[in-house]
file start13.cif (mmCIF, C-alpha atoms)
data_entry
#
loop_
_atom_site.group_PDB
_atom_site.id
_atom_site.type_symbol
_atom_site.label_atom_id
_atom_site.label_comp_id
_atom_site.auth_asym_id
_atom_site.auth_seq_id
_atom_site.Cartn_x
_atom_site.Cartn_y
_atom_site.Cartn_z
ATOM 1 C CA MET A 1403 -0.507 -16.380 -49.674
ATOM 2 C CA SER A 1404 -0.785 -12.686 -50.158
ATOM 3 C CA ALA A 1405 0.377 -10.149 -47.583
ATOM 4 C CA LYS A 1406 -3.227 -9.097 -47.148
ATOM 5 C CA LEU A 1407 -4.248 -12.537 -45.875
ATOM 6 C CA VAL A 1408 -1.510 -12.708 -43.218
ATOM 7 C CA ALA A 1409 -2.079 -9.245 -41.767
ATOM 8 C CA PRO A 1410 -1.309 -8.965 -38.014
ATOM 9 C CA ALA A 1411 -4.124 -10.191 -35.754
ATOM 10 C CA ALA A 1412 -4.142 -6.956 -33.755
ATOM 11 C CA THR A 1413 -5.400 -5.066 -36.824
ATOM 12 C CA ARG A 1414 -8.724 -6.953 -36.756
ATOM 13 C CA THR A 1415 -11.263 -6.047 -34.104
ATOM 14 C CA ASP A 1416 -14.838 -7.000 -33.290
ATOM 15 C CA ARG A 1417 -17.762 -4.572 -33.083
ATOM 16 C CA HIS A 1418 -16.728 -3.679 -29.509
ATOM 17 C CA GLY A 1419 -13.220 -2.704 -30.627
ATOM 18 C CA ARG A 1420 -11.549 -5.789 -29.107
ATOM 19 C CA ALA A 1421 -8.666 -7.498 -30.932
ATOM 20 C CA LEU A 1422 -9.485 -10.790 -32.631
ATOM 21 C CA VAL A 1423 -7.195 -13.759 -33.301
ATOM 22 C CA ASP A 1424 -6.662 -14.144 -37.031
ATOM 23 C CA ARG A 1425 -7.497 -17.818 -37.689
ATOM 24 C CA ARG A 1426 -6.138 -17.548 -41.194
ATOM 25 C CA VAL A 1427 -2.579 -17.443 -39.806
ATOM 26 C CA PRO A 1428 -1.319 -21.047 -39.398
ATOM 27 C CA PHE A 1429 -1.077 -22.338 -35.824
ATOM 28 C CA LEU A 1430 2.688 -22.953 -36.020
ATOM 29 C CA ALA A 1431 3.218 -19.437 -37.369
ATOM 30 C CA ARG A 1432 1.219 -17.986 -34.461
ATOM 31 C CA LEU A 1433 3.203 -20.198 -32.059
ATOM 32 C CA ARG A 1434 6.535 -18.912 -33.427
ATOM 33 C CA ARG A 1435 5.230 -15.334 -33.292
ATOM 34 C CA ASP A 1436 3.907 -15.517 -29.708
ATOM 35 C CA TYR A 1437 6.461 -17.836 -28.074
ATOM 36 C CA PRO A 1438 7.998 -15.049 -25.880
ATOM 37 C CA LEU A 1439 4.560 -14.354 -24.389
ATOM 38 C CA LEU A 1440 3.897 -18.070 -23.921
ATOM 39 C CA ILE A 1441 7.208 -18.502 -22.064
ATOM 40 C CA MET A 1442 6.369 -15.552 -19.813
ATOM 41 C CA VAL A 1443 2.939 -16.906 -18.893
ATOM 42 C CA THR A 1444 4.043 -20.524 -18.359
ATOM 43 C CA PRO A 1445 5.143 -20.149 -14.668
ATOM 44 C CA ALA A 1446 1.805 -18.533 -13.766
ATOM 45 C CA VAL A 1447 -0.114 -21.303 -15.549
ATOM 46 C CA VAL A 1448 1.900 -24.011 -13.762
ATOM 47 C CA LEU A 1449 1.280 -22.363 -10.370
ATOM 48 C CA LEU A 1450 -2.458 -22.117 -11.091
ATOM 49 C CA LEU A 1451 -2.610 -25.777 -12.107
ATOM 50 C CA LEU A 1452 -0.685 -26.979 -9.039
ATOM 51 C CA PHE A 1453 -2.198 -24.804 -6.314
ATOM 52 C CA VAL A 1454 -5.658 -23.848 -7.645
ATOM 53 C CA TYR A 1455 -7.048 -26.366 -10.123
ATOM 54 C CA LEU A 1456 -5.377 -29.594 -8.934
ATOM 55 C CA PRO A 1457 -6.665 -29.192 -5.317
ATOM 56 C CA LEU A 1458 -10.203 -28.928 -6.708
ATOM 57 C CA PHE A 1459 -10.205 -32.723 -7.062
ATOM 58 C CA GLY A 1460 -10.028 -32.862 -3.249
ATOM 59 C CA ASN A 1461 -13.686 -31.834 -3.140
ATOM 60 C CA VAL A 1462 -14.600 -35.493 -3.719
ATOM 61 C CA ILE A 1463 -13.823 -35.985 -0.018
ATOM 62 C CA ALA A 1464 -17.174 -34.286 0.687
ATOM 63 C CA PHE A 1465 -18.822 -37.477 -0.640
ATOM 64 C CA MET A 1466 -16.531 -39.928 1.162
ATOM 65 C CA ASP A 1467 -15.926 -41.211 4.701
ATOM 66 C CA TYR A 1468 -12.391 -39.880 4.496
ATOM 67 C CA GLN A 1469 -9.688 -40.963 6.928
ATOM 68 C CA PRO A 1470 -6.409 -39.019 6.641
ATOM 69 C CA TYR A 1471 -4.235 -42.009 7.583
ATOM 70 C CA ILE A 1472 -5.250 -44.235 4.659
ATOM 71 C CA PRO A 1473 -5.060 -43.560 0.893
ATOM 72 C CA ILE A 1474 -7.982 -41.577 -0.445
ATOM 73 C CA SER A 1475 -8.769 -44.371 -2.916
ATOM 74 C CA GLN A 1476 -9.540 -46.715 0.027
ATOM 75 C CA SER A 1477 -12.019 -44.328 1.680
ATOM 76 C CA PRO A 1478 -15.621 -45.501 1.115
ATOM 77 C CA TRP A 1479 -18.130 -43.426 -0.821
ATOM 78 C CA ILE A 1480 -21.100 -42.329 1.327
ATOM 79 C CA GLY A 1481 -22.970 -40.027 -1.053
ATOM 80 C CA PHE A 1482 -24.589 -37.001 0.588
ATOM 81 C CA GLN A 1483 -24.304 -38.205 4.217
ATOM 82 C CA ASN A 1484 -21.798 -35.456 5.093
ATOM 83 C CA PHE A 1485 -24.262 -32.858 3.815
ATOM 84 C CA GLN A 1486 -27.085 -34.474 5.827
ATOM 85 C CA VAL A 1487 -24.942 -34.270 8.970
ATOM 86 C CA LEU A 1488 -24.144 -30.663 8.136
ATOM 87 C CA PHE A 1489 -27.699 -29.523 7.533
ATOM 88 C CA SER A 1490 -28.944 -31.201 10.737
ATOM 89 C CA ASP A 1491 -26.330 -29.444 12.894
ATOM 90 C CA PRO A 1492 -27.671 -26.266 14.638
ATOM 91 C CA ALA A 1493 -24.087 -24.992 14.974
ATOM 92 C CA PHE A 1494 -23.782 -24.950 11.181
ATOM 93 C CA TRP A 1495 -26.901 -22.801 10.742
ATOM 94 C CA ARG A 1496 -25.727 -20.491 13.523
ATOM 95 C CA SER A 1497 -22.418 -20.052 11.666
ATOM 96 C CA VAL A 1498 -24.332 -19.338 8.430
ATOM 97 C CA VAL A 1499 -26.392 -16.612 10.127
ATOM 98 C CA ASN A 1500 -23.312 -15.036 11.727
ATOM 99 C CA THR A 1501 -21.434 -15.147 8.409
ATOM 100 C CA LEU A 1502 -24.265 -13.482 6.511
ATOM 101 C CA GLU A 1503 -24.667 -10.785 9.173
ATOM 102 C CA ILE A 1504 -20.938 -9.981 9.084
ATOM 103 C CA THR A 1505 -20.973 -9.994 5.266
ATOM 104 C CA LEU A 1506 -23.903 -7.576 5.129
ATOM 105 C CA MET A 1507 -22.275 -5.286 7.683
ATOM 106 C CA GLN A 1508 -18.996 -5.266 5.759
ATOM 107 C CA LEU A 1509 -20.763 -4.521 2.474
ATOM 108 C CA VAL A 1510 -22.684 -1.601 3.969
ATOM 109 C CA LEU A 1511 -20.008 -0.127 6.245
ATOM 110 C CA PHE A 1512 -16.640 -1.196 4.815
ATOM 111 C CA PHE A 1513 -17.062 -1.235 1.030
ATOM 112 C CA PRO A 1514 -17.897 2.517 0.607
ATOM 113 C CA VAL A 1515 -15.025 3.683 2.850
ATOM 114 C CA PRO A 1516 -12.132 3.107 0.356
ATOM 115 C CA ILE A 1517 -14.167 4.931 -2.315
ATOM 116 C CA ALA A 1518 -14.729 7.926 -0.038
ATOM 117 C CA LEU A 1519 -11.069 7.962 1.027
ATOM 118 C CA ALA A 1520 -9.904 7.767 -2.593
ATOM 119 C CA LEU A 1521 -12.115 10.729 -3.518
ATOM 120 C CA LEU A 1522 -10.777 12.655 -0.522
ATOM 121 C CA ILE A 1523 -7.136 11.907 -1.391
ATOM 122 C CA HIS A 1524 -7.717 12.722 -5.056
ATOM 123 C CA SER A 1525 -9.142 16.119 -4.120
ATOM 124 C CA LEU A 1526 -6.027 17.157 -2.160
ATOM 125 C CA VAL A 1527 -4.218 19.967 -3.949
ATOM 126 C CA TRP A 1528 -0.673 19.538 -2.628
ATOM 127 C CA PRO A 1529 1.081 16.394 -3.952
ATOM 128 C CA TRP A 1530 3.244 16.050 -0.815
ATOM 129 C CA LEU A 1531 0.131 16.012 1.366
ATOM 130 C CA ARG A 1532 -1.474 13.427 -0.914
ATOM 131 C CA VAL A 1533 1.576 11.143 -0.610
ATOM 132 C CA LEU A 1534 1.675 11.634 3.160
ATOM 133 C CA VAL A 1535 -2.013 10.766 3.626
ATOM 134 C CA GLN A 1536 -1.706 7.728 1.354
ATOM 135 C CA SER A 1537 1.333 6.432 3.258
ATOM 136 C CA VAL A 1538 -0.350 6.833 6.639
ATOM 137 C CA LEU A 1539 -3.492 5.055 5.414
ATOM 138 C CA TYR A 1540 -1.524 2.177 3.841
ATOM 139 C CA LEU A 1541 0.516 1.346 6.971
ATOM 140 C CA PRO A 1542 -2.144 -0.625 8.966
ATOM 141 C CA HIS A 1543 -2.530 -3.073 6.077
ATOM 142 C CA PHE A 1544 0.983 -4.414 6.719
ATOM 143 C CA LEU A 1545 0.206 -5.246 10.355
ATOM 144 C CA SER A 1546 -0.844 -8.791 11.204
ATOM 145 C CA TRP A 1547 -4.219 -9.462 12.776
ATOM 146 C CA VAL A 1548 -2.436 -10.390 16.020
ATOM 147 C CA ILE A 1549 -1.051 -6.853 16.284
ATOM 148 C CA VAL A 1550 -4.357 -5.249 15.239
ATOM 149 C CA VAL A 1551 -6.378 -7.222 17.794
ATOM 150 C CA GLY A 1552 -3.739 -6.500 20.424
ATOM 151 C CA PHE A 1553 -3.948 -2.778 19.628
ATOM 152 C CA PHE A 1554 -7.731 -2.781 20.031
ATOM 153 C CA GLN A 1555 -7.419 -4.825 23.231
ATOM 154 C CA GLU A 1556 -4.966 -2.325 24.715
ATOM 155 C CA SER A 1557 -7.245 0.536 23.672
ATOM 156 C CA LEU A 1558 -10.782 -0.741 24.329
ATOM 157 C CA GLY A 1559 -10.242 -3.814 26.534
ATOM 158 C CA SER A 1560 -11.112 -4.010 30.229
ATOM 159 C CA GLY A 1561 -7.573 -2.937 31.138
ATOM 160 C CA GLY A 1562 -7.151 -0.637 28.137
ATOM 161 C CA VAL A 1563 -6.503 3.076 27.933
ATOM 162 C CA VAL A 1564 -10.138 4.092 27.491
ATOM 163 C CA ASN A 1565 -11.389 2.158 30.526
ATOM 164 C CA HIS A 1566 -8.440 3.427 32.581
ATOM 165 C CA MET A 1567 -9.472 7.007 31.785
ATOM 166 C CA LEU A 1568 -13.122 6.217 32.585
ATOM 167 C CA ARG A 1569 -12.148 4.761 35.979
ATOM 168 C CA GLN A 1570 -10.131 7.860 36.792
ATOM 169 C CA ALA A 1571 -13.175 9.970 35.896
ATOM 170 C CA ASN A 1572 -15.427 7.733 38.097
ATOM 171 C CA GLU A 1573 -17.453 6.710 35.048
ATOM 172 C CA SER A 1574 -18.725 3.239 34.167
ATOM 173 C CA THR A 1575 -16.391 1.190 31.994
ATOM 174 C CA ILE A 1576 -17.143 -0.267 28.553
ATOM 175 C CA THR A 1577 -16.952 -3.925 27.497
ATOM 176 C CA VAL A 1578 -16.542 -3.569 23.751
ATOM 177 C CA MET A 1579 -14.000 -6.377 23.361
ATOM 178 C CA SER A 1580 -16.114 -8.975 25.198
ATOM 179 C CA ASP A 1581 -19.665 -7.913 24.319
ATOM 180 C CA PRO A 1582 -21.323 -10.473 21.970
ATOM 181 C CA SER A 1583 -23.987 -7.965 20.894
ATOM 182 C CA THR A 1584 -21.394 -5.568 19.397
ATOM 183 C CA PHE A 1585 -18.886 -8.173 18.215
ATOM 184 C CA LYS A 1586 -19.797 -7.952 14.517
ATOM 185 C CA LEU A 1587 -19.541 -4.163 14.589
ATOM 186 C CA LEU A 1588 -16.156 -4.525 16.289
ATOM 187 C CA LEU A 1589 -14.964 -6.869 13.518
ATOM 188 C CA THR A 1590 -16.065 -4.407 10.835
ATOM 189 C CA SER A 1591 -14.390 -1.503 12.628
ATOM 190 C CA GLN A 1592 -11.123 -3.416 12.817
ATOM 191 C CA LEU A 1593 -11.361 -4.281 9.112
ATOM 192 C CA ILE A 1594 -11.953 -0.624 8.201
ATOM 193 C CA TRP A 1595 -8.998 0.507 10.333
ATOM 194 C CA LYS A 1596 -6.684 -2.094 8.801
ATOM 195 C CA ASP A 1597 -7.632 -2.321 5.113
ATOM 196 C CA ALA A 1598 -9.686 0.720 4.077
ATOM 197 C CA GLY A 1599 -6.569 2.710 3.179
ATOM 198 C CA TRP A 1600 -5.100 -0.164 1.181
ATOM 199 C CA GLY A 1601 -8.390 -0.532 -0.690
ATOM 200 C CA THR A 1602 -8.056 2.999 -2.061
ATOM 201 C CA ILE A 1603 -5.236 2.007 -4.452
ATOM 202 C CA ILE A 1604 -7.473 0.696 -7.223
ATOM 203 C CA PHE A 1605 -9.933 3.594 -6.923
ATOM 204 C CA LEU A 1606 -7.083 6.133 -7.038
ATOM 205 C CA ALA A 1607 -5.802 4.467 -10.218
ATOM 206 C CA ALA A 1608 -9.296 4.712 -11.709
ATOM 207 C CA LEU A 1609 -9.539 8.388 -10.722
ATOM 208 C CA ALA A 1610 -6.151 9.119 -12.316
ATOM 209 C CA ALA A 1611 -7.433 7.629 -15.582
ATOM 210 C CA VAL A 1612 -10.334 10.104 -15.830
ATOM 211 C CA ASP A 1613 -9.597 12.590 -18.630
ATOM 212 C CA ASP A 1614 -8.815 16.060 -17.241
ATOM 213 C CA SER A 1615 -10.327 17.664 -20.337
ATOM 214 C CA LEU A 1616 -13.739 16.487 -19.143
ATOM 215 C CA TYR A 1617 -13.319 18.486 -15.930
ATOM 216 C CA GLU A 1618 -12.152 21.510 -17.934
ATOM 217 C CA ALA A 1619 -15.125 21.264 -20.308
ATOM 218 C CA ALA A 1620 -17.526 20.915 -17.375
ATOM 219 C CA ALA A 1621 -15.959 23.944 -15.648
ATOM 220 C CA ILE A 1622 -16.284 26.002 -18.845
ATOM 221 C CA ASP A 1623 -19.973 25.028 -18.985
ATOM 222 C CA GLY A 1624 -20.379 26.396 -15.475
ATOM 223 C CA SER A 1625 -20.645 23.094 -13.602
ATOM 224 C CA GLY A 1626 -20.015 23.230 -9.892
ATOM 225 C CA ALA A 1627 -17.951 20.828 -7.817
ATOM 226 C CA TRP A 1628 -20.915 18.537 -7.086
ATOM 227 C CA SER A 1629 -21.985 18.510 -10.760
ATOM 228 C CA ARG A 1630 -18.441 17.592 -11.889
ATOM 229 C CA PHE A 1631 -18.344 14.805 -9.307
ATOM 230 C CA TRP A 1632 -21.738 13.430 -10.342
ATOM 231 C CA HIS A 1633 -21.315 13.686 -14.133
ATOM 232 C CA VAL A 1634 -17.534 13.172 -14.573
ATOM 233 C CA THR A 1635 -15.874 11.548 -11.559
ATOM 234 C CA LEU A 1636 -18.537 9.005 -10.629
ATOM 235 C CA PRO A 1637 -19.090 7.683 -14.204
ATOM 236 C CA GLY A 1638 -15.304 7.422 -14.550
ATOM 237 C CA ILE A 1639 -14.888 5.044 -11.593
ATOM 238 C CA ARG A 1640 -18.289 3.325 -11.759
ATOM 239 C CA PRO A 1641 -17.022 0.274 -13.758
ATOM 240 C CA ILE A 1642 -14.329 -0.322 -11.122
ATOM 241 C CA ILE A 1643 -16.866 -0.012 -8.293
ATOM 242 C CA VAL A 1644 -19.151 -2.560 -9.985
ATOM 243 C CA LEU A 1645 -16.240 -4.913 -10.691
ATOM 244 C CA LEU A 1646 -14.971 -4.888 -7.105
ATOM 245 C CA LEU A 1647 -18.503 -5.238 -5.725
ATOM 246 C CA ILE A 1648 -19.073 -8.364 -7.838
ATOM 247 C CA LEU A 1649 -15.752 -9.870 -6.726
ATOM 248 C CA ARG A 1650 -16.599 -9.009 -3.125
ATOM 249 C CA LEU A 1651 -19.922 -10.852 -3.414
ATOM 250 C CA GLY A 1652 -18.038 -13.912 -4.649
ATOM 251 C CA GLU A 1653 -16.072 -13.953 -1.383
ATOM 252 C CA SER A 1654 -19.044 -13.015 0.777
ATOM 253 C CA LEU A 1655 -18.958 -16.267 2.790
ATOM 254 C CA SER A 1656 -15.285 -15.736 3.701
ATOM 255 C CA VAL A 1657 -15.335 -13.106 6.430
ATOM 256 C CA GLY A 1658 -11.920 -13.770 7.914
ATOM 257 C CA PHE A 1659 -10.514 -16.626 9.982
ATOM 258 C CA GLU A 1660 -7.524 -15.297 11.909
ATOM 259 C CA GLN A 1661 -9.275 -12.116 13.025
ATOM 260 C CA ILE A 1662 -12.264 -14.025 14.392
ATOM 261 C CA ILE A 1663 -10.499 -16.965 15.975
ATOM 262 C CA LEU A 1664 -8.259 -14.570 17.944
ATOM 263 C CA GLN A 1665 -11.350 -13.056 19.627
ATOM 264 C CA ARG A 1666 -13.701 -16.047 19.662
ATOM 265 C CA ASN A 1667 -13.081 -17.029 23.269
ATOM 266 C CA ALA A 1668 -13.863 -13.512 24.527
ATOM 267 C CA VAL A 1669 -17.438 -13.476 23.160
ATOM 268 C CA GLY A 1670 -18.242 -17.175 22.789
ATOM 269 C CA ALA A 1671 -19.068 -19.422 19.864
ATOM 270 C CA HIS A 1672 -22.682 -18.260 19.665
ATOM 271 C CA ALA A 1673 -21.579 -14.807 18.486
ATOM 272 C CA ALA A 1674 -18.272 -15.603 16.784
ATOM 273 C CA GLU A 1675 -18.847 -18.919 15.003
ATOM 274 C CA VAL A 1676 -18.648 -18.388 11.223
ATOM 275 C CA LEU A 1677 -18.236 -20.893 8.415
ATOM 276 C CA ASP A 1678 -14.427 -20.707 8.466
ATOM 277 C CA THR A 1679 -14.199 -21.368 12.216
ATOM 278 C CA TYR A 1680 -16.874 -24.078 11.889
ATOM 279 C CA VAL A 1681 -14.651 -25.887 9.373
ATOM 280 C CA TYR A 1682 -11.691 -25.643 11.742
ATOM 281 C CA TYR A 1683 -13.422 -26.820 14.922
ATOM 282 C CA HIS A 1684 -15.909 -29.325 13.480
ATOM 283 C CA GLY A 1685 -13.852 -30.473 10.504
ATOM 284 C CA VAL A 1686 -10.169 -30.366 11.461
ATOM 285 C CA VAL A 1687 -10.221 -30.509 15.295
ATOM 286 C CA ASP A 1688 -13.028 -33.097 15.522
ATOM 287 C CA GLY A 1689 -11.636 -35.094 12.586
ATOM 288 C CA ASN A 1690 -14.773 -34.792 10.418
ATOM 289 C CA TRP A 1691 -12.847 -34.004 7.262
ATOM 290 C CA GLY A 1692 -15.728 -34.858 4.951
ATOM 291 C CA VAL A 1693 -18.014 -32.407 6.754
ATOM 292 C CA GLY A 1694 -15.375 -29.683 6.581
ATOM 293 C CA ILE A 1695 -14.860 -30.219 2.853
ATOM 294 C CA ALA A 1696 -18.640 -30.155 2.364
ATOM 295 C CA VAL A 1697 -18.751 -26.667 3.933
ATOM 296 C CA GLY A 1698 -15.965 -25.520 1.609
ATOM 297 C CA LEU A 1699 -17.810 -26.949 -1.376
ATOM 298 C CA ILE A 1700 -21.002 -25.125 -0.397
ATOM 299 C CA LYS A 1701 -19.052 -21.866 -0.006
ATOM 300 C CA GLY A 1702 -17.549 -22.266 -3.463
ATOM 301 C CA VAL A 1703 -20.876 -23.013 -5.140
ATOM 302 C CA VAL A 1704 -22.647 -20.122 -3.399
ATOM 303 C CA GLY A 1705 -19.815 -17.719 -4.308
ATOM 304 C CA PHE A 1706 -19.911 -18.863 -7.937
ATOM 305 C CA VAL A 1707 -23.685 -18.382 -8.129
ATOM 306 C CA LEU A 1708 -23.424 -14.928 -6.537
ATOM 307 C CA ILE A 1709 -20.772 -13.847 -9.062
ATOM 308 C CA LEU A 1710 -22.897 -15.070 -11.975
ATOM 309 C CA GLY A 1711 -26.018 -13.368 -10.593
ATOM 310 C CA ALA A 1712 -24.261 -10.075 -9.819
ATOM 311 C CA ASN A 1713 -22.557 -10.099 -13.209
ATOM 312 C CA LYS A 1714 -25.899 -10.690 -14.929
ATOM 313 C CA ALA A 1715 -27.451 -7.835 -12.941
ATOM 314 C CA SER A 1716 -24.586 -5.530 -13.954
ATOM 315 C CA HIS A 1717 -25.193 -6.392 -17.620
ATOM 316 C CA MET A 1718 -28.895 -5.573 -17.220
ATOM 317 C CA LEU A 1719 -27.900 -2.181 -15.759
ATOM 318 C CA GLY A 1720 -25.601 -1.476 -18.702
ATOM 319 C CA GLU A 1721 -22.281 -2.228 -17.002
ATOM 320 C CA GLN A 1722 -19.513 -4.449 -18.337
ATOM 321 C CA GLY A 1723 -19.191 -6.556 -15.167
ATOM 322 C CA VAL A 1724 -16.438 -9.108 -14.615
ATOM 323 C CA TYR A 1725 -16.588 -10.552 -18.107
ATOM 324 C CA SER A 1726 -18.131 -9.566 -21.423
ATOM 325 C CA ARG A 1727 -21.762 -10.163 -22.364
ATOM 326 C CA SER A 1728 -20.796 -11.594 -25.790
#
call {"tool": "encode", "arguments": {"input": "start13.cif", "output": "structure tokens"}}
result
Amino acid sequence: MSAKLVAPAATRTDRHGRALVDRRVPFLARLRRDYPLLIMVTPAVVLLLLFVYLPLFGNVIAFMDYQPYIPISQSPWIGFQNFQVLFSDPAFWRSVVNTLEITLMQLVLFFPVPIALALLIHSLVWPWLRVLVQSVLYLPHFLSWVIVVGFFQESLGSGGVVNHMLRQANESTITVMSDPSTFKLLLTSQLIWKDAGWGTIIFLAALAAVDDSLYEAAAIDGSGAWSRFWHVTLPGIRPIIVLLLILRLGESLSVGFEQIILQRNAVGAHAAEVLDTYVYYHGVVDGNWGVGIAVGLIKGVVGFVLILGANKASHMLGEQGVYSRS
């Protein structure tokens, strides 16, 4: 075989510039060539198989009258009865409505905040100030939800600092921590306080990858700050924004378990019941494992459909999305 036929695979690319695997190289030769990479990726593949793909077989419990104290093979098949029980339960539909409302609020109020913070940090001139601001914004992410909820309770609760100051000023107190009507806004505020700074990391990396020569060329052409942001900065980070938005839609029915269950008793189930807490109380606590698994299966299917739909929409708008169009 000539040297031309066994040229390295990385030298061949498709029309999009992506490297292609050279099928003309024998499989054993490719195996000997790539064995260091295969050894490196093996632990990750084993972990994925054990803790991600193997548990997927547990979804069959959604179609069984499962009892945890007998082997799963001895549990009788009941078809879609668990789903019928689920869809006839008003508590389930209440949890769906609450979950969707919290998801919408987080998409509108939380998702843009890391982008705005990243742009603000990136615009800081002094590097020491940029590092300081980043460090301060990252710190809340490392706190547990118990500490975060406790901090808000001590600040905005009935015996918190704010109400103490209002009492001293002979003003009426606030009931933010126990008001069902503002509970979803409270959850979103806590999420912004805790994770908005941490969410800036990816956007800052995207901003650092924007070519400085583009800014210089725009400045030479007389572009102002807003014009450089609109025509250079925003197109540079737009693929990352679309990618993270698609991934966020895939997790839209998971709005947090620990944060909500810590505050559920203060506002009641009517305001705080979401799909995750529904699974815990109606599936685990009540022993209806099949119903709980059915909720998880519905969440997975809906998330998968949302990712496919959002990815298709991104392709129609000219974006790359999560995966390639070809």
call {"tool": "resolve_selection", "arguments": {"input": "start13.cif", "expression": "the PyMOL selection byres ((chain A and resi 1512-1518) around 12)", "output": "ChimeraX atom specification"}}
result
/A:1504-1511,1519-1525,1536,1539-1540,1587-1609,1635-1636,1639-1640,1642-1644,1646-1651,1654
call {"tool": "atom_distance", "arguments": {"input": "start13.cif", "atom1": "atom CA of A:Phe1706", "atom2": "atom CA of A:Pro1457"}}
result
17.0 Å
call {"tool": "resolve_selection", "arguments": {"input": "start13.cif", "expression": "the PyMOL selection byres ((chain A and resi 1484) around 10)", "output": "compact mmCIF listing (two decimals) with C-alpha atoms, in the coordinates of the input"}}
result
# COMPACT_ATOMS: atom_id res chain seq x y z
CA ILE A 1463 -13.82 -35.98 -0.02
CA ALA A 1464 -17.17 -34.29 0.69
CA PHE A 1465 -18.82 -37.48 -0.64
CA MET A 1466 -16.53 -39.93 1.16
CA ASP A 1467 -15.93 -41.21 4.70
CA ILE A 1480 -21.10 -42.33 1.33
CA GLY A 1481 -22.97 -40.03 -1.05
CA PHE A 1482 -24.59 -37.00 0.59
CA GLN A 1483 -24.30 -38.20 4.22
CA PHE A 1485 -24.26 -32.86 3.82
CA GLN A 1486 -27.08 -34.47 5.83
CA VAL A 1487 -24.94 -34.27 8.97
CA LEU A 1488 -24.14 -30.66 8.14
CA PHE A 1489 -27.70 -29.52 7.53
CA ASN A 1690 -14.77 -34.79 10.42
CA TRP A 1691 -12.85 -34.00 7.26
CA GLY A 1692 -15.73 -34.86 4.95
CA VAL A 1693 -18.01 -32.41 6.75
CA GLY A 1694 -15.38 -29.68 6.58
CA ILE A 1695 -14.86 -30.22 2.85
CA ALA A 1696 -18.64 -30.16 2.36
CA VAL A 1697 -18.75 -26.67 3.93
call {"tool": "atom_distance", "arguments": {"input": "start13.cif", "atom1": "atom CA of A:Ser1574", "atom2": "atom CA of A:Gln1555"}}
result
17.7 Å
call {"tool": "atom_distance", "arguments": {"input": "start13.cif", "atom1": "atom CA of A:Pro1542", "atom2": "atom CA of A:Leu1677"}}
result
25.9 Å
call {"tool": "residues_around", "arguments": {"input": "start13.cif", "residues": "A:Ala1619", "least_positions_apart": "5", "cutoff": "12 Å", "atoms": "only C-alpha atoms", "output": "PyMOL selection string"}}
result
chain A and resi 1613-1614+1624-1626+1630+1633-1634
call {"tool": "residues_around", "arguments": {"input": "start13.cif", "residues": "A:Phe1553", "least_positions_apart": "5", "cutoff": "10 Å", "atoms": "all atoms listed in the file", "output": "list in words"}}
result
Trp1547, Val1548, Leu1558, Gly1559, Gly1562 and Gln1592 of chain A
call {"tool": "resolve_selection", "arguments": {"input": "start13.cif", "expression": "the PyMOL selection byres ((chain A and resi 1672-1676) around 12)", "output": "number ranges by chain"}}
result
A: 1492-1505, 1580-1589, 1654-1671, 1677-1684, 1697, 1701
call {"tool": "closest_residue", "arguments": {"input": "start13.cif", "among": "A:Val1578, A:Val1427, A:Val1686, A:Val1535", "to": "A:Pro1470", "atoms": "only C-alpha atoms"}}
result
A:Val1686
call {"tool": "closest_residue", "arguments": {"input": "start13.cif", "among": "A:Phe1429, A:Tyr1455, A:Tyr1437, A:Tyr1725", "to": "A:Pro1641", "atoms": "all atoms listed in the file"}}
result
A:Tyr1725
